[in-house]
>>> print(open('entry-v7.csv').read())   # CSV, C-alpha atoms
chain,number,residue,atom,x,y,z
A,1126,MET,CA,57.6,27.9,-21.8
A,1127,LYS,CA,60.3,29.8,-23.5
A,1128,LEU,CA,62.4,32.5,-21.7
A,1129,ASN,CA,62.3,35.5,-24.0
A,1130,CYS,CA,64.1,38.0,-21.8
A,1131,ARG,CA,65.8,38.4,-18.5
A,1132,ILE,CA,66.3,41.8,-16.8
A,1133,GLU,CA,68.2,42.3,-13.6
A,1134,LYS,CA,68.5,45.7,-12.0
A,1135,SER,CA,69.1,47.3,-8.6
A,1136,ALA,CA,66.0,48.4,-6.7
A,1137,SER,CA,66.4,52.0,-7.6
A,1138,THR,CA,63.8,54.4,-9.0
A,1139,ALA,CA,66.4,55.5,-11.5
A,1140,GLN,CA,66.3,52.0,-13.1
A,1141,LEU,CA,62.5,52.1,-13.7
A,1142,CYS,CA,62.9,53.9,-17.1
A,1143,GLN,CA,65.3,51.2,-18.4
A,1144,ILE,CA,63.1,48.4,-17.2
A,1145,ARG,CA,60.1,49.9,-19.0
A,1146,SER,CA,62.1,50.3,-22.2
A,1147,GLU,CA,63.1,46.6,-22.1
A,1148,VAL,CA,59.6,45.4,-21.3
A,1149,ARG,CA,58.3,47.5,-24.3
A,1150,GLN,CA,60.8,45.8,-26.6
A,1151,ALA,CA,59.9,42.3,-25.3
A,1152,CYS,CA,56.2,42.9,-25.7
A,1153,ALA,CA,56.7,44.3,-29.2
A,1154,LYS,CA,58.4,41.0,-30.2
A,1155,MET,CA,55.4,39.1,-28.9
A,1156,ASN,CA,53.2,41.1,-31.3
A,1157,PHE,CA,51.2,43.0,-28.7
A,1158,ALA,CA,49.5,46.2,-30.1
A,1159,GLU,CA,50.9,49.6,-29.0
A,1160,SER,CA,48.0,50.2,-26.6
A,1161,GLU,CA,48.4,46.8,-25.0
A,1162,ILE,CA,52.2,47.4,-24.7
A,1163,ASN,CA,51.5,50.7,-22.9
A,1164,LEU,CA,49.3,48.9,-20.3
A,1165,ILE,CA,51.5,45.9,-19.8
A,1166,THR,CA,54.5,48.2,-19.3
A,1167,LEU,CA,52.5,50.2,-16.8
A,1168,ALA,CA,51.6,47.0,-14.8
A,1169,ILE,CA,55.2,45.8,-14.7
A,1170,ASP,CA,56.4,49.3,-13.7
A,1171,GLU,CA,53.8,49.4,-10.9
A,1172,ALA,CA,54.9,46.0,-9.6
A,1173,CYS,CA,58.6,47.2,-9.7
A,1174,THR,CA,57.6,50.4,-7.9
A,1175,ASN,CA,55.9,48.3,-5.1
A,1176,ILE,CA,59.0,46.2,-4.7
A,1177,ILE,CA,61.2,49.3,-4.3
A,1178,ARG,CA,58.7,51.1,-2.0
A,1179,TYR,CA,57.4,48.3,0.2
A,1180,ALA,CA,59.6,45.2,-0.2
A,1181,TYR,CA,63.0,47.0,0.0
A,1182,CYS,CA,61.6,50.1,1.7
A,1183,GLY,CA,63.9,52.3,-0.5
A,1184,ASP,CA,67.1,50.2,0.0
A,1185,GLU,CA,68.7,50.5,-3.4
A,1186,SER,CA,71.2,47.6,-2.7
A,1187,GLY,CA,68.3,45.2,-3.3
A,1188,ARG,CA,67.9,43.4,-6.6
A,1189,ILE,CA,64.9,43.0,-8.9
A,1190,VAL,CA,64.9,40.2,-11.5
A,1191,LEU,CA,62.3,40.1,-14.3
A,1192,ASN,CA,62.0,37.0,-16.4
A,1193,ILE,CA,59.7,37.2,-19.4
A,1194,TYR,CA,58.4,33.9,-20.7
A,1195,GLN,CA,56.2,33.1,-23.7
A,1196,SER,CA,53.9,30.1,-23.6
A,1197,GLU,CA,51.6,29.0,-26.4
A,1198,ASN,CA,49.0,31.5,-25.5
A,1199,ALA,CA,50.4,33.9,-22.9
A,1200,ALA,CA,53.2,36.2,-21.9
A,1201,ILE,CA,54.3,35.5,-18.4
A,1202,PHE,CA,56.2,38.1,-16.4
A,1203,GLN,CA,58.0,36.7,-13.3
A,1204,LEU,CA,59.2,39.4,-11.1
A,1205,GLN,CA,61.5,38.4,-8.2
A,1206,ASP,CA,62.8,40.3,-5.3
A,1207,PHE,CA,65.0,39.1,-2.4
A,1208,ALA,CA,63.4,41.0,0.4
A,1209,LYS,CA,61.3,39.6,3.3
A,1210,CYS,CA,58.5,37.3,2.2
A,1211,ILE,CA,55.1,38.9,1.9
A,1212,SER,CA,51.7,37.4,2.5
A,1213,PRO,CA,49.5,36.7,-0.6
A,1214,SER,CA,46.9,38.8,1.1
A,1215,CYS,CA,49.1,41.9,0.2
A,1216,LEU,CA,48.0,41.3,-3.4
A,1217,GLU,CA,44.3,41.4,-2.6
A,1218,LEU,CA,42.4,44.4,-3.9
A,1219,ARG,CA,41.1,46.9,-1.5
A,1220,GLN,CA,38.2,49.2,-2.2
A,1221,GLN,CA,39.8,51.9,-4.4
A,1222,ASN,CA,39.4,55.4,-3.1
A,1223,LEU,CA,41.4,57.9,-5.1
A,1224,SER,CA,41.2,60.5,-2.3
A,1225,GLN,CA,43.2,58.1,-0.1
A,1226,PRO,CA,46.9,57.4,-0.9
A,1227,GLY,CA,48.2,53.9,-1.8
A,1228,GLY,CA,46.8,50.9,-3.6
A,1229,LEU,CA,46.4,52.5,-7.0
A,1230,GLY,CA,49.3,50.6,-8.5
A,1231,LEU,CA,48.0,47.2,-7.4
A,1232,HIS,CA,44.6,48.2,-8.8
A,1233,LEU,CA,46.1,49.0,-12.1
A,1234,ILE,CA,48.1,45.7,-12.2
A,1235,HIS,CA,44.9,43.7,-11.6
A,1236,GLN,CA,43.0,45.7,-14.3
A,1237,VAL,CA,45.7,45.1,-16.9
A,1238,MET,CA,46.8,41.5,-16.3
A,1239,ASP,CA,44.7,38.4,-16.8
A,1240,LYS,CA,46.3,36.6,-13.8
A,1241,VAL,CA,48.2,37.9,-10.8
A,1242,GLU,CA,49.8,35.3,-8.5
A,1243,LEU,CA,52.4,35.1,-5.8
A,1244,LEU,CA,54.6,32.0,-6.4
A,1245,PRO,CA,56.5,30.2,-3.6
A,1246,PRO,CA,60.1,31.6,-3.8
A,1247,GLU,CA,63.1,29.4,-4.5
A,1248,ASN,CA,65.0,28.5,-1.2
A,1249,HIS,CA,62.3,30.5,0.7
A,1250,GLU,CA,64.1,33.7,-0.3
A,1251,GLY,CA,62.2,36.8,-1.3
A,1252,ASN,CA,59.0,36.9,-3.4
A,1253,ILE,CA,58.1,35.9,-7.0
A,1254,LEU,CA,55.2,37.7,-8.5
A,1255,GLU,CA,53.8,36.1,-11.7
A,1256,LEU,CA,51.8,38.3,-14.0
A,1257,THR,CA,50.1,36.6,-17.0
A,1258,LYS,CA,48.7,38.3,-20.1
A,1259,HIS,CA,47.1,36.4,-22.9
A,1260,LEU,CA,48.8,36.8,-26.3
A,1261,PRO,CA,46.9,38.8,-28.9
B,359,MET,CA,65.2,68.1,-12.7
B,360,THR,CA,62.7,70.9,-12.7
B,361,PHE,CA,59.7,70.8,-15.2
B,362,PRO,CA,59.2,74.0,-17.2
B,363,GLN,CA,56.6,76.4,-16.1
B,364,CYS,CA,55.0,79.3,-17.9
B,365,THR,CA,52.0,81.7,-17.6
B,366,HIS,CA,49.0,81.3,-19.9
B,367,LEU,CA,46.2,83.9,-19.3
B,368,HIS,CA,45.7,83.8,-15.5
B,369,TYR,CA,46.9,80.2,-15.2
B,370,GLN,CA,50.2,78.8,-14.2
B,371,CYS,CA,51.2,76.1,-16.7
B,372,LEU,CA,53.3,73.1,-15.7
B,373,GLN,CA,54.8,71.4,-18.7
B,374,LEU,CA,55.4,67.7,-18.0
B,375,ASN,CA,57.8,66.0,-20.4
B,376,GLY,CA,59.2,62.6,-21.0
B,377,GLU,CA,58.2,60.1,-18.3
B,378,VAL,CA,56.8,60.7,-14.9
B,379,ASP,CA,57.3,57.9,-12.4
B,380,LEU,CA,58.3,57.3,-8.8
B,381,HIS,CA,61.7,58.8,-9.6
B,382,ASN,CA,60.5,62.2,-10.5
B,383,SER,CA,56.9,62.5,-9.3
B,384,PRO,CA,58.1,64.1,-6.0
B,385,GLN,CA,59.4,67.0,-8.1
B,386,VAL,CA,56.0,67.3,-9.9
B,387,ARG,CA,54.3,67.3,-6.5
B,388,LYS,CA,56.6,70.0,-5.2
B,389,GLN,CA,56.0,72.3,-8.2
B,390,LEU,CA,52.2,71.7,-8.3
B,391,LEU,CA,51.9,72.5,-4.5
B,392,ASN,CA,54.0,75.6,-4.9
B,393,ILE,CA,51.7,76.9,-7.6
B,394,LEU,CA,48.6,76.2,-5.5
B,395,LYS,CA,50.2,77.8,-2.5
B,396,LYS,CA,50.2,81.0,-4.5
B,397,ASN,CA,46.5,80.6,-5.2
B,398,GLN,CA,46.9,80.1,-8.9
B,399,SER,CA,44.9,77.8,-11.1
B,400,VAL,CA,47.0,75.2,-12.9
B,401,LEU,CA,47.2,73.9,-16.4
B,402,VAL,CA,49.1,70.6,-16.6
B,403,ASP,CA,50.4,70.3,-20.1
B,404,PHE,CA,50.7,66.6,-21.2
B,405,SER,CA,51.6,67.3,-24.8
B,406,GLU,CA,55.3,66.2,-24.3
B,407,LEU,CA,54.5,63.5,-21.8
B,408,SER,CA,55.0,59.9,-22.9
B,409,TYR,CA,54.4,58.1,-19.6
B,410,ILE,CA,52.9,58.6,-16.2
B,411,ASP,CA,52.6,56.0,-13.4
B,412,SER,CA,50.3,55.8,-10.3
B,413,SER,CA,52.6,58.0,-8.3
B,414,GLY,CA,52.2,60.7,-10.9
B,415,ILE,CA,48.5,60.2,-11.0
B,416,ALA,CA,48.2,60.2,-7.2
B,417,THR,CA,50.1,63.6,-7.2
B,418,LEU,CA,47.6,65.0,-9.7
B,419,VAL,CA,44.7,63.8,-7.6
B,420,GLU,CA,46.2,65.4,-4.5
B,421,ALA,CA,46.7,68.7,-6.3
B,422,PHE,CA,43.2,68.5,-7.8
B,423,ASN,CA,41.7,68.1,-4.4
B,424,ILE,CA,43.7,71.0,-3.0
B,425,ALA,CA,42.7,73.2,-5.9
B,426,LYS,CA,39.1,72.3,-5.5
B,427,ASN,CA,39.2,73.2,-1.8
B,428,LYS,CA,40.7,76.6,-2.6
B,429,GLU,CA,38.1,77.2,-5.4
B,430,LEU,CA,40.9,77.0,-8.0
B,431,THR,CA,41.1,74.7,-11.0
B,432,LEU,CA,43.5,72.1,-12.3
B,433,THR,CA,43.1,71.3,-16.0
B,434,ILE,CA,45.0,68.7,-18.0
B,435,VAL,CA,45.9,69.8,-21.5
B,436,ALA,CA,46.6,67.6,-24.6
B,437,ALA,CA,46.6,64.1,-22.9
B,438,SER,CA,47.1,61.3,-25.4
B,439,GLY,CA,48.7,57.9,-25.8
B,440,ALA,CA,49.8,56.1,-22.7
B,441,PRO,CA,49.1,58.9,-20.2
B,442,LEU,CA,45.5,59.2,-21.6
B,443,GLN,CA,45.1,55.4,-21.3
B,444,VAL,CA,46.1,55.6,-17.5
B,445,LEU,CA,43.5,58.4,-17.0
B,446,GLU,CA,40.9,56.3,-18.7
B,447,LEU,CA,41.8,53.1,-16.8
B,448,THR,CA,41.5,55.0,-13.4
B,449,HIS,CA,38.3,56.8,-14.7
B,450,LEU,CA,40.0,60.1,-13.9
B,451,ASP,CA,39.2,61.3,-17.4
B,452,LYS,CA,35.7,61.8,-15.9
B,453,VAL,CA,37.0,63.6,-12.8
B,454,PHE,CA,39.6,66.0,-14.2
B,455,THR,CA,38.9,68.6,-16.8
B,456,LEU,CA,40.7,67.6,-20.0
B,457,VAL,CA,41.1,69.9,-23.0
B,458,ASN,CA,42.7,69.1,-26.3
B,459,SER,CA,45.0,72.2,-26.5
B,460,MET,CA,46.0,75.5,-25.0
B,461,ALA,CA,43.8,77.1,-27.6
B,462,ASP,CA,40.8,75.7,-25.8
B,463,ILE,CA,41.7,77.5,-22.6
B,464,LYS,CA,39.6,80.6,-22.0
B,465,GLU,CA,40.1,83.5,-19.5
>>> encode(input="entry-v7.csv", output="structure tokens")
Amino acid sequence: MKLNCRIEKSASTAQLCQIRSEVRQACAKMNFAESEINLITLAIDEACTNIIRYAYCGDESGRIVLNIYQSENAAIFQLQDFAKCISPSCLELRQQNLSQPGGLGLHLIHQVMDKVELLPPENHEGNILELTKHLP
Amino acid sequence: MTFPQCTHLHYQCLQLNGEVDLHNSPQVRKQLLNILKKNQSVLVDFSELSYIDSSGIATLVEAFNIAKNKELTLTIVAASGAPLQVLELTHLDKVFTLVNSMADIKE
């Protein structure tokens, strides 16, 4: 598995635009079509948004690290935060009701990605969310 | 940052541009709710919008529901590219009224 790109930003909503731009560039290098790049970028953005909102609860001093790997047949996006560990059940899909707030981002992540998994964090610190998308 | 607004026929038009995400969707919400408070139907112009995330979508859903309760309308104009893909992915393209251009809006 080859590391294609590493992005490290503060957990600020002002950084989301820059993260999306770098994700788009990394996906283009892996030959994803424009429509796929749009959706992958959306999924990563939603994951970052959830970290900012729910893991760090708006504390902008937190860090977000995104490592983008390429294996033989997939793009692997490992998104790490250093907040309190969350339960894997937080990633389970609830019944989506658009008239109720919340949960839409997670729903979009699951729809776009082929695999969504919470990995055991290094040194039991924070969370690592791994999102996998098969290569075109 | 304030998004531009204009009047088109009896509608108030909110022109979204660039990218709408968690950083600026509260501003979109504020402007949409202000328009609806004045009991005006809304056109949300997507023609210069290149990206919208779930917080922006949730804001539109909230405004749509308020408009419906007040017997007003919320119409999305000229959605394409990534924003249209998000609407399709959430099946909201079947819920919202979508039109191709301002020319399709009638009194």
>>> residues_around(input="entry-v7.csv", residues="segment 425-439 of chain B", least_positions_apart="3", cutoff="10 Å", atoms="only C-alpha atoms", output="number ranges by chain")
A: 1159-1160, 1163; B: 369-373, 390-391, 393-395, 397-409, 418-422, 442-445, 451, 454-463
>>> closest_residue(input="entry-v7.csv", among="A:Val1237, A:Ile1169, A:Ala1158, A:Ala1180", to="Cys1142 of chain A", atoms="all atoms listed in the file")
A:Ile1169
>>> residues_around(input="entry-v7.csv", residues="segment 1228-1230 of chain A", least_positions_apart="2", cutoff="12 Å", atoms="only C-alpha atoms", output="PyMOL selection string")
(chain A and resi 1164+1167-1176+1178-1179+1215-1226+1232-1237) or (chain B and resi 379-380+410-417+419+444-445+447-449)
>>> closest_residue(input="entry-v7.csv", among="A:Gly1251, A:Gly1183, A:Pro1261, A:Pro1245", to="Cys1210 of chain A", atoms="all atoms listed in the file")
A:Gly1251
>>> atom_distance(input="entry-v7.csv", atom1="atom CA of Phe1202 of chain A", atom2="atom CA of Asn1248 of chain A")
20.0 Å
>>> atom_distance(input="entry-v7.csv", atom1="atom CA of Asp1239 of chain A", atom2="atom CA of Asp1206 of chain A")
21.5 Å
>>> atom_distance(input="entry-v7.csv", atom1="atom CA of Arg1188 of chain A", atom2="atom CA of His1259 of chain A")
27.3 Å
>>> closest_residue(input="entry-v7.csv", among="B:Leu367, B:Glu377, B:Thr360, B:Lys452", to="chain A", atoms="all atoms listed in the file")
B:Glu377
>>> closest_residue(input="entry-v7.csv", among="A:Glu1250, A:Met1238, A:Glu1133, A:Met1126", to="Glu1161 of chain A", atoms="all atoms listed in the file")
A:Met1238
>>> build_atoms(input="entry-v7.csv", residues="segment 1139-1175 of chain A", atoms="N, CA and C atoms", output="PDB file, keeping the file's coordinate frame")
ATOM      1  N   ALA A1139      65.736  55.067 -10.270  1.00  0.00           N
ATOM      2  CA  ALA A1139      66.400  55.500 -11.500  1.00  0.00           C
ATOM      3  C   ALA A1139      66.481  54.398 -12.548  1.00  0.00           C
ATOM      4  N   GLN A1140      66.226  53.153 -12.142  1.00  0.00           N
ATOM      5  CA  GLN A1140      66.300  52.000 -13.100  1.00  0.00           C
ATOM      6  C   GLN A1140      64.908  51.778 -13.752  1.00  0.00           C
ATOM      7  N   LEU A1141      63.858  52.407 -13.243  1.00  0.00           N
ATOM      8  CA  LEU A1141      62.500  52.100 -13.700  1.00  0.00           C
ATOM      9  C   LEU A1141      62.371  52.387 -15.243  1.00  0.00           C
ATOM     10  N   CYS A1142      62.983  53.481 -15.670  1.00  0.00           N
ATOM     11  CA  CYS A1142      62.900  53.900 -17.100  1.00  0.00           C
ATOM     12  C   CYS A1142      63.489  52.798 -17.992  1.00  0.00           C
ATOM     13  N   GLN A1143      64.631  52.275 -17.586  1.00  0.00           N
ATOM     14  CA  GLN A1143      65.300  51.200 -18.400  1.00  0.00           C
ATOM     15  C   GLN A1143      64.490  49.938 -18.382  1.00  0.00           C
ATOM     16  N   ILE A1144      63.917  49.596 -17.241  1.00  0.00           N
ATOM     17  CA  ILE A1144      63.100  48.400 -17.200  1.00  0.00           C
ATOM     18  C   ILE A1144      61.892  48.529 -18.133  1.00  0.00           C
ATOM     19  N   ARG A1145      61.251  49.703 -18.116  1.00  0.00           N
ATOM     20  CA  ARG A1145      60.100  49.900 -19.000  1.00  0.00           C
ATOM     21  C   ARG A1145      60.500  49.784 -20.462  1.00  0.00           C
ATOM     22  N   SER A1146      61.652  50.334 -20.784  1.00  0.00           N
ATOM     23  CA  SER A1146      62.100  50.300 -22.200  1.00  0.00           C
ATOM     24  C   SER A1146      62.321  48.805 -22.618  1.00  0.00           C
ATOM     25  N   GLU A1147      62.903  48.002 -21.735  1.00  0.00           N
ATOM     26  CA  GLU A1147      63.100  46.600 -22.100  1.00  0.00           C
ATOM     27  C   GLU A1147      61.843  45.791 -22.152  1.00  0.00           C
ATOM     28  N   VAL A1148      60.897  46.136 -21.278  1.00  0.00           N
ATOM     29  CA  VAL A1148      59.600  45.400 -21.300  1.00  0.00           C
ATOM     30  C   VAL A1148      58.865  45.777 -22.607  1.00  0.00           C
ATOM     31  N   ARG A1149      58.941  47.040 -23.007  1.00  0.00           N
ATOM     32  CA  ARG A1149      58.300  47.500 -24.300  1.00  0.00           C
ATOM     33  C   ARG A1149      58.839  46.648 -25.439  1.00  0.00           C
ATOM     34  N   GLN A1150      60.160  46.537 -25.489  1.00  0.00           N
ATOM     35  CA  GLN A1150      60.800  45.800 -26.600  1.00  0.00           C
ATOM     36  C   GLN A1150      60.355  44.329 -26.585  1.00  0.00           C
ATOM     37  N   ALA A1151      60.325  43.713 -25.397  1.00  0.00           N
ATOM     38  CA  ALA A1151      59.900  42.300 -25.300  1.00  0.00           C
ATOM     39  C   ALA A1151      58.479  42.108 -25.730  1.00  0.00           C
ATOM     40  N   CYS A1152      57.607  43.039 -25.345  1.00  0.00           N
ATOM     41  CA  CYS A1152      56.200  42.900 -25.700  1.00  0.00           C
ATOM     42  C   CYS A1152      55.979  43.128 -27.213  1.00  0.00           C
ATOM     43  N   ALA A1153      56.761  44.031 -27.793  1.00  0.00           N
ATOM     44  CA  ALA A1153      56.700  44.300 -29.200  1.00  0.00           C
ATOM     45  C   ALA A1153      57.018  42.987 -30.006  1.00  0.00           C
ATOM     46  N   LYS A1154      58.023  42.263 -29.500  1.00  0.00           N
ATOM     47  CA  LYS A1154      58.400  41.000 -30.200  1.00  0.00           C
ATOM     48  C   LYS A1154      57.342  39.939 -30.060  1.00  0.00           C
ATOM     49  N   MET A1155      56.460  40.078 -29.054  1.00  0.00           N
ATOM     50  CA  MET A1155      55.400  39.100 -28.900  1.00  0.00           C
ATOM     51  C   MET A1155      54.095  39.593 -29.606  1.00  0.00           C
ATOM     52  N   ASN A1156      54.256  40.632 -30.432  1.00  0.00           N
ATOM     53  CA  ASN A1156      53.200  41.100 -31.300  1.00  0.00           C
ATOM     54  C   ASN A1156      51.991  41.776 -30.552  1.00  0.00           C
ATOM     55  N   PHE A1157      52.218  42.289 -29.368  1.00  0.00           N
ATOM     56  CA  PHE A1157      51.200  43.000 -28.700  1.00  0.00           C
ATOM     57  C   PHE A1157      50.972  44.372 -29.440  1.00  0.00           C
ATOM     58  N   ALA A1158      49.740  44.864 -29.470  1.00  0.00           N
ATOM     59  CA  ALA A1158      49.500  46.200 -30.100  1.00  0.00           C
ATOM     60  C   ALA A1158      50.040  47.265 -29.176  1.00  0.00           C
ATOM     61  N   GLU A1159      50.269  48.432 -29.740  1.00  0.00           N
ATOM     62  CA  GLU A1159      50.900  49.600 -29.000  1.00  0.00           C
ATOM     63  C   GLU A1159      50.090  49.871 -27.721  1.00  0.00           C
ATOM     64  N   SER A1160      48.750  49.878 -27.820  1.00  0.00           N
ATOM     65  CA  SER A1160      48.000  50.200 -26.600  1.00  0.00           C
ATOM     66  C   SER A1160      48.112  49.161 -25.539  1.00  0.00           C
ATOM     67  N   GLU A1161      48.238  47.905 -25.944  1.00  0.00           N
ATOM     68  CA  GLU A1161      48.400  46.800 -25.000  1.00  0.00           C
ATOM     69  C   GLU A1161      49.843  46.918 -24.360  1.00  0.00           C
ATOM     70  N   ILE A1162      50.814  47.256 -25.194  1.00  0.00           N
ATOM     71  CA  ILE A1162      52.200  47.400 -24.700  1.00  0.00           C
ATOM     72  C   ILE A1162      52.235  48.492 -23.616  1.00  0.00           C
ATOM     73  N   ASN A1163      51.536  49.588 -23.867  1.00  0.00           N
ATOM     74  CA  ASN A1163      51.500  50.700 -22.900  1.00  0.00           C
ATOM     75  C   ASN A1163      50.971  50.178 -21.532  1.00  0.00           C
ATOM     76  N   LEU A1164      49.900  49.400 -21.576  1.00  0.00           N
ATOM     77  CA  LEU A1164      49.300  48.900 -20.300  1.00  0.00           C
ATOM     78  C   LEU A1164      50.112  47.878 -19.625  1.00  0.00           C
ATOM     79  N   ILE A1165      50.681  46.960 -20.396  1.00  0.00           N
ATOM     80  CA  ILE A1165      51.500  45.900 -19.800  1.00  0.00           C
ATOM     81  C   ILE A1165      52.738  46.575 -19.129  1.00  0.00           C
ATOM     82  N   THR A1166      53.333  47.522 -19.837  1.00  0.00           N
ATOM     83  CA  THR A1166      54.500  48.200 -19.300  1.00  0.00           C
ATOM     84  C   THR A1166      54.126  48.944 -17.999  1.00  0.00           C
ATOM     85  N   LEU A1167      52.947  49.543 -17.970  1.00  0.00           N
ATOM     86  CA  LEU A1167      52.500  50.200 -16.800  1.00  0.00           C
ATOM     87  C   LEU A1167      52.355  49.201 -15.603  1.00  0.00           C
ATOM     88  N   ALA A1168      51.760  48.040 -15.882  1.00  0.00           N
ATOM     89  CA  ALA A1168      51.600  47.000 -14.800  1.00  0.00           C
ATOM     90  C   ALA A1168      52.911  46.547 -14.268  1.00  0.00           C
ATOM     91  N   ILE A1169      53.871  46.288 -15.147  1.00  0.00           N
ATOM     92  CA  ILE A1169      55.200  45.800 -14.700  1.00  0.00           C
ATOM     93  C   ILE A1169      55.876  46.926 -13.880  1.00  0.00           C
ATOM     94  N   ASP A1170      55.768  48.146 -14.375  1.00  0.00           N
ATOM     95  CA  ASP A1170      56.400  49.300 -13.700  1.00  0.00           C
ATOM     96  C   ASP A1170      55.780  49.460 -12.281  1.00  0.00           C
ATOM     97  N   GLU A1171      54.456  49.296 -12.189  1.00  0.00           N
ATOM     98  CA  GLU A1171      53.800  49.400 -10.900  1.00  0.00           C
ATOM     99  C   GLU A1171      54.267  48.318  -9.932  1.00  0.00           C
ATOM    100  N   ALA A1172      54.468  47.123 -10.471  1.00  0.00           N
ATOM    101  CA  ALA A1172      54.900  46.000  -9.600  1.00  0.00           C
ATOM    102  C   ALA A1172      56.368  46.303  -9.146  1.00  0.00           C
ATOM    103  N   CYS A1173      57.212  46.821 -10.047  1.00  0.00           N
ATOM    104  CA  CYS A1173      58.600  47.200  -9.700  1.00  0.00           C
ATOM    105  C   CYS A1173      58.581  48.282  -8.600  1.00  0.00           C
ATOM    106  N   THR A1174      57.717  49.261  -8.813  1.00  0.00           N
ATOM    107  CA  THR A1174      57.600  50.400  -7.900  1.00  0.00           C
ATOM    108  C   THR A1174      57.205  49.863  -6.476  1.00  0.00           C
ATOM    109  N   ASN A1175      56.274  48.906  -6.440  1.00  0.00           N
ATOM    110  CA  ASN A1175      55.900  48.300  -5.100  1.00  0.00           C
ATOM    111  C   ASN A1175      57.014  47.605  -4.475  1.00  0.00           C
TER     112      ASN A1175
END
